[in-house]
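So this one's my_file.pdb, PDB, C-alpha atoms, pLDDT in the B column:
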```pdb
ATOM      1  CA  MET A 149       0.000   0.000   0.000  1.00 44.00           C
ATOM      2  CA  ALA A 150       2.947   2.370   0.605  1.00 48.00           C
ATOM      3  CA  ASP A 151       3.484   2.275  -3.187  1.00 58.00           C
ATOM      4  CA  SER A 152       0.503   4.608  -3.599  1.00 88.00           C
ATOM      5  CA  PHE A 153       2.229   7.291  -1.500  1.00 94.00           C
ATOM      6  CA  THR A 154       4.821   9.850  -2.606  1.00 95.00           C
ATOM      7  CA  ILE A 155       7.265  11.699  -0.358  1.00 97.00           C
ATOM      8  CA  ARG A 156       8.538  15.083  -1.498  1.00 97.00           C
ATOM      9  CA  ARG A 157       9.708  18.417  -0.151  1.00 98.00           C
ATOM     10  CA  LEU A 158       6.949  20.980   0.185  1.00 98.00           C
ATOM     11  CA  THR A 159       7.147  24.403  -1.456  1.00 98.00           C
ATOM     12  CA  PRO A 160       5.164  27.600  -0.839  1.00 97.00           C
ATOM     13  CA  LYS A 161       2.708  26.375  -3.500  1.00 97.00           C
ATOM     14  CA  ASP A 162       1.705  23.671  -0.988  1.00 98.00           C
ATOM     15  CA  ALA A 163       0.819  26.197   1.744  1.00 98.00           C
ATOM     16  CA  ALA A 164      -2.945  25.499   1.764  1.00 98.00           C
ATOM     17  CA  ALA A 165      -2.460  21.730   2.098  1.00 98.00           C
ATOM     18  CA  PHE A 166       0.268  22.263   4.708  1.00 98.00           C
ATOM     19  CA  ARG A 167      -1.993  24.603   6.722  1.00 98.00           C
ATOM     20  CA  SER A 168      -4.825  22.073   6.627  1.00 98.00           C
ATOM     21  CA  ILE A 169      -2.810  19.098   7.875  1.00 98.00           C
ATOM     22  CA  ARG A 170      -0.917  21.183  10.421  1.00 97.00           C
ATOM     23  CA  LEU A 171      -4.163  22.439  11.958  1.00 97.00           C
ATOM     24  CA  GLU A 172      -5.561  18.887  11.942  1.00 97.00           C
ATOM     25  CA  ALA A 173      -2.448  17.716  13.817  1.00 96.00           C
ATOM     26  CA  LEU A 174      -2.758  20.462  16.419  1.00 96.00           C
ATOM     27  CA  ARG A 175      -6.498  19.837  16.840  1.00 95.00           C
ATOM     28  CA  SER A 176      -6.333  16.045  17.073  1.00 94.00           C
ATOM     29  CA  ALA A 177      -3.115  15.572  19.085  1.00 91.00           C
ATOM     30  CA  PRO A 178      -2.545  18.725  21.163  1.00 89.00           C
ATOM     31  CA  ARG A 179      -0.305  17.059  23.757  1.00 86.00           C
ATOM     32  CA  PHE A 180       2.329  16.268  21.121  1.00 89.00           C
ATOM     33  CA  PHE A 181       2.908  19.817  19.846  1.00 91.00           C
ATOM     34  CA  GLY A 182       4.228  23.011  21.409  1.00 89.00           C
ATOM     35  CA  TYR A 183       1.902  25.250  19.403  1.00 90.00           C
ATOM     36  CA  SER A 184      -1.822  25.132  20.002  1.00 92.00           C
ATOM     37  CA  PHE A 185      -4.595  24.925  17.440  1.00 95.00           C
ATOM     38  CA  ALA A 186      -5.918  28.311  18.593  1.00 95.00           C
ATOM     39  CA  GLU A 187      -2.533  29.971  18.023  1.00 94.00           C
ATOM     40  CA  GLU A 188      -2.041  28.717  14.482  1.00 96.00           C
ATOM     41  CA  ALA A 189      -5.669  28.702  13.299  1.00 97.00           C
ATOM     42  CA  VAL A 190      -5.687  32.509  13.249  1.00 97.00           C
ATOM     43  CA  GLU A 191      -2.538  32.727  11.124  1.00 97.00           C
ATOM     44  CA  PRO A 192      -2.970  33.722   7.470  1.00 97.00           C
ATOM     45  CA  LEU A 193      -1.912  31.462   4.625  1.00 97.00           C
ATOM     46  CA  SER A 194       1.226  33.592   4.217  1.00 98.00           C
ATOM     47  CA  PHE A 195       2.425  32.364   7.655  1.00 97.00           C
ATOM     48  CA  PHE A 196       2.387  28.769   6.394  1.00 98.00           C
ATOM     49  CA  SER A 197       3.886  29.721   3.039  1.00 98.00           C
ATOM     50  CA  ASN A 198       6.730  31.484   4.861  1.00 97.00           C
ATOM     51  CA  ARG A 199       7.411  28.373   6.937  1.00 97.00           C
ATOM     52  CA  LEU A 200       7.746  26.383   3.734  1.00 98.00           C
ATOM     53  CA  GLU A 201      10.270  28.924   2.439  1.00 96.00           C
ATOM     54  CA  THR A 202      12.373  29.106   5.612  1.00 96.00           C
ATOM     55  CA  HIS A 203      12.157  25.530   6.953  1.00 97.00           C
ATOM     56  CA  VAL A 204      12.773  22.135   5.380  1.00 97.00           C
ATOM     57  CA  VAL A 205       9.369  20.434   5.242  1.00 98.00           C
ATOM     58  CA  PHE A 206       8.639  17.071   3.656  1.00 98.00           C
ATOM     59  CA  GLY A 207       5.225  15.652   3.032  1.00 97.00           C
ATOM     60  CA  VAL A 208       3.649  12.298   2.265  1.00 97.00           C
ATOM     61  CA  TRP A 209       1.088  12.529  -0.515  1.00 97.00           C
ATOM     62  CA  ARG A 210      -1.558  10.135  -1.720  1.00 94.00           C
ATOM     63  CA  GLU A 211      -2.533  11.455  -5.118  1.00 91.00           C
ATOM     64  CA  ASP A 212      -3.356  15.144  -4.471  1.00 92.00           C
ATOM     65  CA  THR A 213      -3.908  14.819  -0.711  1.00 96.00           C
ATOM     66  CA  LEU A 214      -1.221  15.615   1.844  1.00 98.00           C
ATOM     67  CA  LYS A 215      -1.262  12.795   4.405  1.00 97.00           C
ATOM     68  CA  GLY A 216       1.795  13.569   6.528  1.00 97.00           C
ATOM     69  CA  ILE A 217       4.435  16.168   7.338  1.00 98.00           C
ATOM     70  CA  ALA A 218       7.863  16.384   8.944  1.00 97.00           C
ATOM     71  CA  ALA A 219       9.792  19.646   9.303  1.00 97.00           C
ATOM     72  CA  MET A 220      13.197  20.946  10.341  1.00 97.00           C
ATOM     73  CA  GLU A 221      14.239  24.423  11.370  1.00 96.00           C
ATOM     74  CA  ARG A 222      17.914  25.317  11.283  1.00 94.00           C
ATOM     75  CA  GLY A 223      19.473  27.306  14.110  1.00 89.00           C
ATOM     76  CA  GLY A 224      19.392  30.990  13.251  1.00 89.00           C
ATOM     77  CA  LEU A 225      22.481  32.248  15.041  1.00 93.00           C
ATOM     78  CA  ALA A 226      26.043  31.798  13.792  1.00 93.00           C
ATOM     79  CA  LYS A 227      26.856  29.586  16.782  1.00 95.00           C
ATOM     80  CA  THR A 228      23.763  27.370  16.384  1.00 93.00           C
ATOM     81  CA  ARG A 229      23.534  26.940  12.594  1.00 94.00           C
ATOM     82  CA  HIS A 230      25.122  23.511  12.916  1.00 95.00           C
ATOM     83  CA  LYS A 231      21.943  22.243  14.634  1.00 97.00           C
ATOM     84  CA  GLY A 232      18.528  21.582  13.231  1.00 97.00           C
ATOM     85  CA  THR A 233      15.330  21.074  15.198  1.00 97.00           C
ATOM     86  CA  ILE A 234      12.835  18.519  13.923  1.00 97.00           C
ATOM     87  CA  TRP A 235       9.252  19.595  14.559  1.00 95.00           C
ATOM     88  CA  GLY A 236       5.696  18.993  13.469  1.00 91.00           C
ATOM     89  CA  ILE A 237       5.820  15.314  12.558  1.00 95.00           C
ATOM     90  CA  TYR A 238       2.321  14.041  11.880  1.00 96.00           C
ATOM     91  CA  LEU A 239       0.537  11.399   9.795  1.00 96.00           C
ATOM     92  CA  MET A 240      -3.183  11.283   9.147  1.00 96.00           C
ATOM     93  CA  PRO A 241      -4.725   8.160  10.740  1.00 95.00           C
ATOM     94  CA  ASP A 242      -5.437   6.514   7.359  1.00 93.00           C
ATOM     95  CA  ALA A 243      -1.730   6.781   6.406  1.00 94.00           C
ATOM     96  CA  ARG A 244      -0.374   5.141   9.557  1.00 93.00           C
ATOM     97  CA  GLY A 245       0.978   1.615   9.731  1.00 91.00           C
ATOM     98  CA  HIS A 246       2.787   1.672   6.365  1.00 91.00           C
ATOM     99  CA  GLY A 247       6.233   2.832   7.504  1.00 94.00           C
ATOM    100  CA  LEU A 248       5.614   6.269   6.027  1.00 95.00           C
ATOM    101  CA  ALA A 249       6.699   8.279   9.077  1.00 95.00           C
ATOM    102  CA  LYS A 250      10.044   6.484   9.094  1.00 96.00           C
ATOM    103  CA  ASN A 251      10.492   6.918   5.337  1.00 96.00           C
ATOM    104  CA  MET A 252       9.502  10.581   5.428  1.00 97.00           C
ATOM    105  CA  LEU A 253      11.810  11.363   8.347  1.00 97.00           C
ATOM    106  CA  ALA A 254      14.686   9.392   6.785  1.00 97.00           C
ATOM    107  CA  THR A 255      14.203  11.389   3.582  1.00 97.00           C
ATOM    108  CA  LEU A 256      14.342  14.638   5.557  1.00 97.00           C
ATOM    109  CA  ILE A 257      17.464  13.505   7.441  1.00 97.00           C
ATOM    110  CA  ASN A 258      19.252  12.612   4.201  1.00 97.00           C
ATOM    111  CA  ASP A 259      18.232  15.933   2.649  1.00 97.00           C
ATOM    112  CA  VAL A 260      19.712  18.040   5.474  1.00 97.00           C
ATOM    113  CA  ARG A 261      23.038  16.156   5.736  1.00 95.00           C
ATOM    114  CA  GLY A 262      25.724  18.719   5.047  1.00 92.00           C
ATOM    115  CA  MET A 263      23.391  21.564   6.019  1.00 95.00           C
ATOM    116  CA  VAL A 264      23.463  20.661   9.719  1.00 97.00           C
ATOM    117  CA  SER A 265      25.669  18.312  11.703  1.00 97.00           C
ATOM    118  CA  GLU A 266      23.143  17.498  14.429  1.00 97.00           C
ATOM    119  CA  LEU A 267      19.384  17.116  14.619  1.00 98.00           C
ATOM    120  CA  ARG A 268      17.385  17.533  17.794  1.00 98.00           C
ATOM    121  CA  LEU A 269      13.794  16.911  18.699  1.00 97.00           C
ATOM    122  CA  THR A 270      11.506  16.520  21.662  1.00 96.00           C
ATOM    123  CA  VAL A 271       8.963  13.768  22.127  1.00 96.00           C
ATOM    124  CA  SER A 272       6.236  13.436  24.718  1.00 94.00           C
ATOM    125  CA  THR A 273       7.035  10.834  27.360  1.00 96.00           C
ATOM    126  CA  ASP A 274       3.569   9.386  26.755  1.00 92.00           C
ATOM    127  CA  ASN A 275       4.198   8.748  23.048  1.00 93.00           C
ATOM    128  CA  PRO A 276       6.154   5.458  22.964  1.00 95.00           C
ATOM    129  CA  ALA A 277       5.504   4.833  19.254  1.00 93.00           C
ATOM    130  CA  ALA A 278       7.166   8.138  18.295  1.00 94.00           C
ATOM    131  CA  TYR A 279      10.023   7.490  20.729  1.00 97.00           C
ATOM    132  CA  ARG A 280      10.670   4.084  19.076  1.00 96.00           C
ATOM    133  CA  LEU A 281      10.546   5.640  15.611  1.00 96.00           C
ATOM    134  CA  TYR A 282      13.163   8.247  16.509  1.00 97.00           C
ATOM    135  CA  HIS A 283      15.321   5.682  18.304  1.00 98.00           C
ATOM    136  CA  ASP A 284      15.160   3.364  15.279  1.00 97.00           C
ATOM    137  CA  LEU A 285      16.438   6.246  13.113  1.00 97.00           C
ATOM    138  CA  GLY A 286      19.423   6.764  15.424  1.00 97.00           C
ATOM    139  CA  PHE A 287      18.209   9.524  17.739  1.00 98.00           C
ATOM    140  CA  ARG A 288      19.381   9.121  21.327  1.00 98.00           C
ATOM    141  CA  GLU A 289      17.887  10.561  24.473  1.00 98.00           C
ATOM    142  CA  TYR A 290      20.060  13.134  26.202  1.00 98.00           C
ATOM    143  CA  GLY A 291      17.611  14.484  28.735  1.00 98.00           C
ATOM    144  CA  ARG A 292      14.096  14.894  29.993  1.00 98.00           C
ATOM    145  CA  GLU A 293      12.218  18.127  30.484  1.00 97.00           C
ATOM    146  CA  PRO A 294       9.639  17.847  33.262  1.00 98.00           C
ATOM    147  CA  ARG A 295       6.485  19.886  32.729  1.00 97.00           C
ATOM    148  CA  ALA A 296       7.566  20.822  29.198  1.00 95.00           C
ATOM    149  CA  LEU A 297       4.002  21.524  28.080  1.00 93.00           C
ATOM    150  CA  LYS A 298       0.905  22.558  29.970  1.00 92.00           C
ATOM    151  CA  ILE A 299      -2.451  21.839  28.385  1.00 90.00           C
ATOM    152  CA  GLY A 300      -5.276  23.068  30.538  1.00 91.00           C
ATOM    153  CA  ASP A 301      -4.243  22.062  34.048  1.00 95.00           C
ATOM    154  CA  VAL A 302      -2.214  19.027  32.949  1.00 94.00           C
ATOM    155  CA  PHE A 303       1.567  19.052  32.564  1.00 95.00           C
ATOM    156  CA  HIS A 304       3.373  16.821  30.051  1.00 93.00           C
ATOM    157  CA  ASP A 305       7.042  15.815  30.204  1.00 96.00           C
ATOM    158  CA  GLU A 306       9.208  15.460  27.107  1.00 96.00           C
ATOM    159  CA  PHE A 307      12.323  13.499  26.229  1.00 98.00           C
ATOM    160  CA  LEU A 308      15.102  15.445  24.493  1.00 98.00           C
ATOM    161  CA  MET A 309      16.723  13.462  21.664  1.00 98.00           C
ATOM    162  CA  ALA A 310      19.586  14.109  19.249  1.00 98.00           C
ATOM    163  CA  LEU A 311      21.106  12.536  16.155  1.00 98.00           C
ATOM    164  CA  SER A 312      24.657  13.294  15.008  1.00 98.00           C
ATOM    165  CA  LEU A 313      24.986  13.489  11.232  1.00 97.00           C
ATOM    166  CA  GLU A 314      28.775  13.408  11.245  1.00 89.00           C
TER     167      GLU A 314
END
```

Go through the file and emit its structure as structure tokens.
Amino acid sequence: MADSFTIRRLTPKDAAAFRSIRLEALRSAPRFFGYSFAEEAVEPLSFFSNRLETHVVFGVWREDTLKGIAAMERGGLAKTRHKGTIWGIYLMPDARGHGLAKNMLATLINDVRGMVSELRLTVSTDNPAAYRLYHDLGFREYGREPRALKIGDVFHDEFLMALSLE
């Protein structure tokens, strides 16, 4: 079934599809993302288009429908440009179970080799499937942030993970 999916880098022309899946991710899985649905839902399409210009974002497509995303932001300061932060990984429920998240993230990792020498990400401590995915791709835990996110009155811890590309 994975044969019917295509993985490619998104461009500003994909902003509407990117906005749609990003908002779906924030709405359906709020405990796994730092941004909230309310914060991003008010942003204009140009906000999402700009992200696609300034970040590396890959998507999984089935025909003309974006089914998954994975993004990386490079450090902006001279002393942090060697690091990239992976963010916003999400697959629509009907695209899960085909190895697409691993393939999409591996494609992103290969694309940014030479651009950054280390990738970092955070993952909720109550998301073991995502933790296994990142571990399988070579990410290693280097810390834990207690109370990293607060949603309503509930705090969520996150693991800090890194992957050396050297």

*Gly291 in chain A surroundings by all atoms listed in the file, 12 Å radius, close-in-sequence under 3 positions cut, as a PyMOL selection string*: chain A and resi 268-271+273+288+294+296+305-310

Could you please take those selected residues and save C-alpha atoms as a PDB file, in the coordinates of the input?
```
ATOM      1  CA  ARG A 268      17.385  17.533  17.794  1.00 98.00           C
ATOM      2  CA  LEU A 269      13.794  16.911  18.699  1.00 97.00           C
ATOM      3  CA  THR A 270      11.506  16.520  21.662  1.00 96.00           C
ATOM      4  CA  VAL A 271       8.963  13.768  22.127  1.00 96.00           C
ATOM      5  CA  THR A 273       7.035  10.834  27.360  1.00 96.00           C
ATOM      6  CA  ARG A 288      19.381   9.121  21.327  1.00 98.00           C
ATOM      7  CA  PRO A 294       9.639  17.847  33.262  1.00 98.00           C
ATOM      8  CA  ALA A 296       7.566  20.822  29.198  1.00 95.00           C
ATOM      9  CA  ASP A 305       7.042  15.815  30.204  1.00 96.00           C
ATOM     10  CA  GLU A 306       9.208  15.460  27.107  1.00 96.00           C
ATOM     11  CA  PHE A 307      12.323  13.499  26.229  1.00 98.00           C
ATOM     12  CA  LEU A 308      15.102  15.445  24.493  1.00 98.00           C
ATOM     13  CA  MET A 309      16.723  13.462  21.664  1.00 98.00           C
ATOM     14  CA  ALA A 310      19.586  14.109  19.249  1.00 98.00           C
TER      15      ALA A 310
END
```

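Considering the residues A:Leu281, A:Glu172, A:Glu221, A:His230 and counting all atoms listed in the file, Ala186 in chain A has its shortest atom-to-atom contact with A:Glu172.
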
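Nearest to Arg167 in chain A of all the residues A:Ala277, A:Ile299, A:Leu214, A:Val204 is A:Leu214, based on all atoms listed in the file.
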
Can you write out as JSON lines which residues of range 210-233 of chain A fall within 10 Å of range 255-262 of chain A, alongside each residue's closest atom pair and its distance in Å to one decimal, counting all atoms listed in the file and ordering rows by chain and ascending residue number?
```
{"residue": "A:Ala218", "atom": "CA", "partner": "A:Leu256", "partner_atom": "CA", "distance": 7.5}
{"residue": "A:Ala219", "atom": "CA", "partner": "A:Leu256", "partner_atom": "CA", "distance": 7.7}
{"residue": "A:Met220", "atom": "CA", "partner": "A:Leu256", "partner_atom": "CA", "distance": 8.0}
{"residue": "A:Arg222", "atom": "CA", "partner": "A:Val260", "partner_atom": "CA", "distance": 9.5}
{"residue": "A:His230", "atom": "CA", "partner": "A:Gly262", "partner_atom": "CA", "distance": 9.2}
{"residue": "A:Gly232", "atom": "CA", "partner": "A:Val260", "partner_atom": "CA", "distance": 8.6}
```

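With the shown file loaded, the PyMOL selection byres ((chain A and resi 184) around 12) picks out Arg170, Leu171, Glu172, Ala173, Leu174, Arg175, Ser176, Ala177, Pro178, Arg179, Phe180, Phe181, Gly182, Tyr183, Phe185, Ala186, Glu187, Glu188, Ala189, Val190, Glu191, Gly236, Leu297, Lys298, Ile299 and Gly300 of chain A.
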
*Among listed residues A:Asn251, A:Ser168, A:Thr233, A:Ser272, nearest Leu285 in chain A (using only C-alpha atoms)*: A:Asn251

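Residues lying at most 10 Å from (-3.0, 5.6, 6.1) in file coordinates, with all atoms listed in the file considered, are Met149, Ala150, Phe153, Arg210, Lys215, Gly216, Leu239, Met240, Pro241, Asp242, Ala243, Arg244, Gly245, His246, Gly247 and Leu248 of chain A.
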
_Take the PyMOL selection byres ((chain A and resi 207) around 8), run it mentally on this structure, and tell me the resulting residues as number ranges by chain._
A: 155-158, 205-206, 208-209, 214-218, 252

Written selection (C-alpha atoms) as a short mmCIF file (atom, residue, chain, number, x, y, z; two decimals), in the coordinates of the input:
```cif
data_model
loop_
_atom_site.label_atom_id
_atom_site.label_comp_id
_atom_site.auth_asym_id
_atom_site.auth_seq_id
_atom_site.Cartn_x
_atom_site.Cartn_y
_atom_site.Cartn_z
CA ILE A 155 7.26 11.70 -0.36
CA ARG A 156 8.54 15.08 -1.50
CA ARG A 157 9.71 18.42 -0.15
CA LEU A 158 6.95 20.98 0.18
CA VAL A 205 9.37 20.43 5.24
CA PHE A 206 8.64 17.07 3.66
CA VAL A 208 3.65 12.30 2.26
CA TRP A 209 1.09 12.53 -0.52
CA LEU A 214 -1.22 15.62 1.84
CA LYS A 215 -1.26 12.80 4.40
CA GLY A 216 1.80 13.57 6.53
CA ILE A 217 4.43 16.17 7.34
CA ALA A 218 7.86 16.38 8.94
CA MET A 252 9.50 10.58 5.43
#
```

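Considering the residues A:Asp212, A:Lys250, A:Ile169, A:Ile234 and counting all atoms listed in the file, Val264 in chain A has its shortest atom-to-atom contact with A:Ile234.
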
Around range 205-223 of chain A, with edges along x, y and z and 3 Å added on all six sides, what centre and edge lengths do you get, in Å to one decimal, as JSON?
```
{"center_x": 7.8, "center_y": 18.7, "center_z": 4.5, "size_x": 29.4, "size_y": 23.2, "size_z": 25.2}
```

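Between CA of Leu267 in chain A and CA of Leu313 in chain A the interatomic distance comes to 7.5 Å.
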
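Coordinates place CA of Pro160 in chain A at a distance of 10.7 Å from CA of His203 in chain A.
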
*So how far away is CA of Asp162 in chain A from CA of Arg199 in chain A, in Å?*
10.8 Å

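The residue that comes closest to Glu289 in chain A, out of A:Ile237, A:Val302, A:Ser194, A:Ser312 and on the basis of only C-alpha atoms, is A:Ser312.
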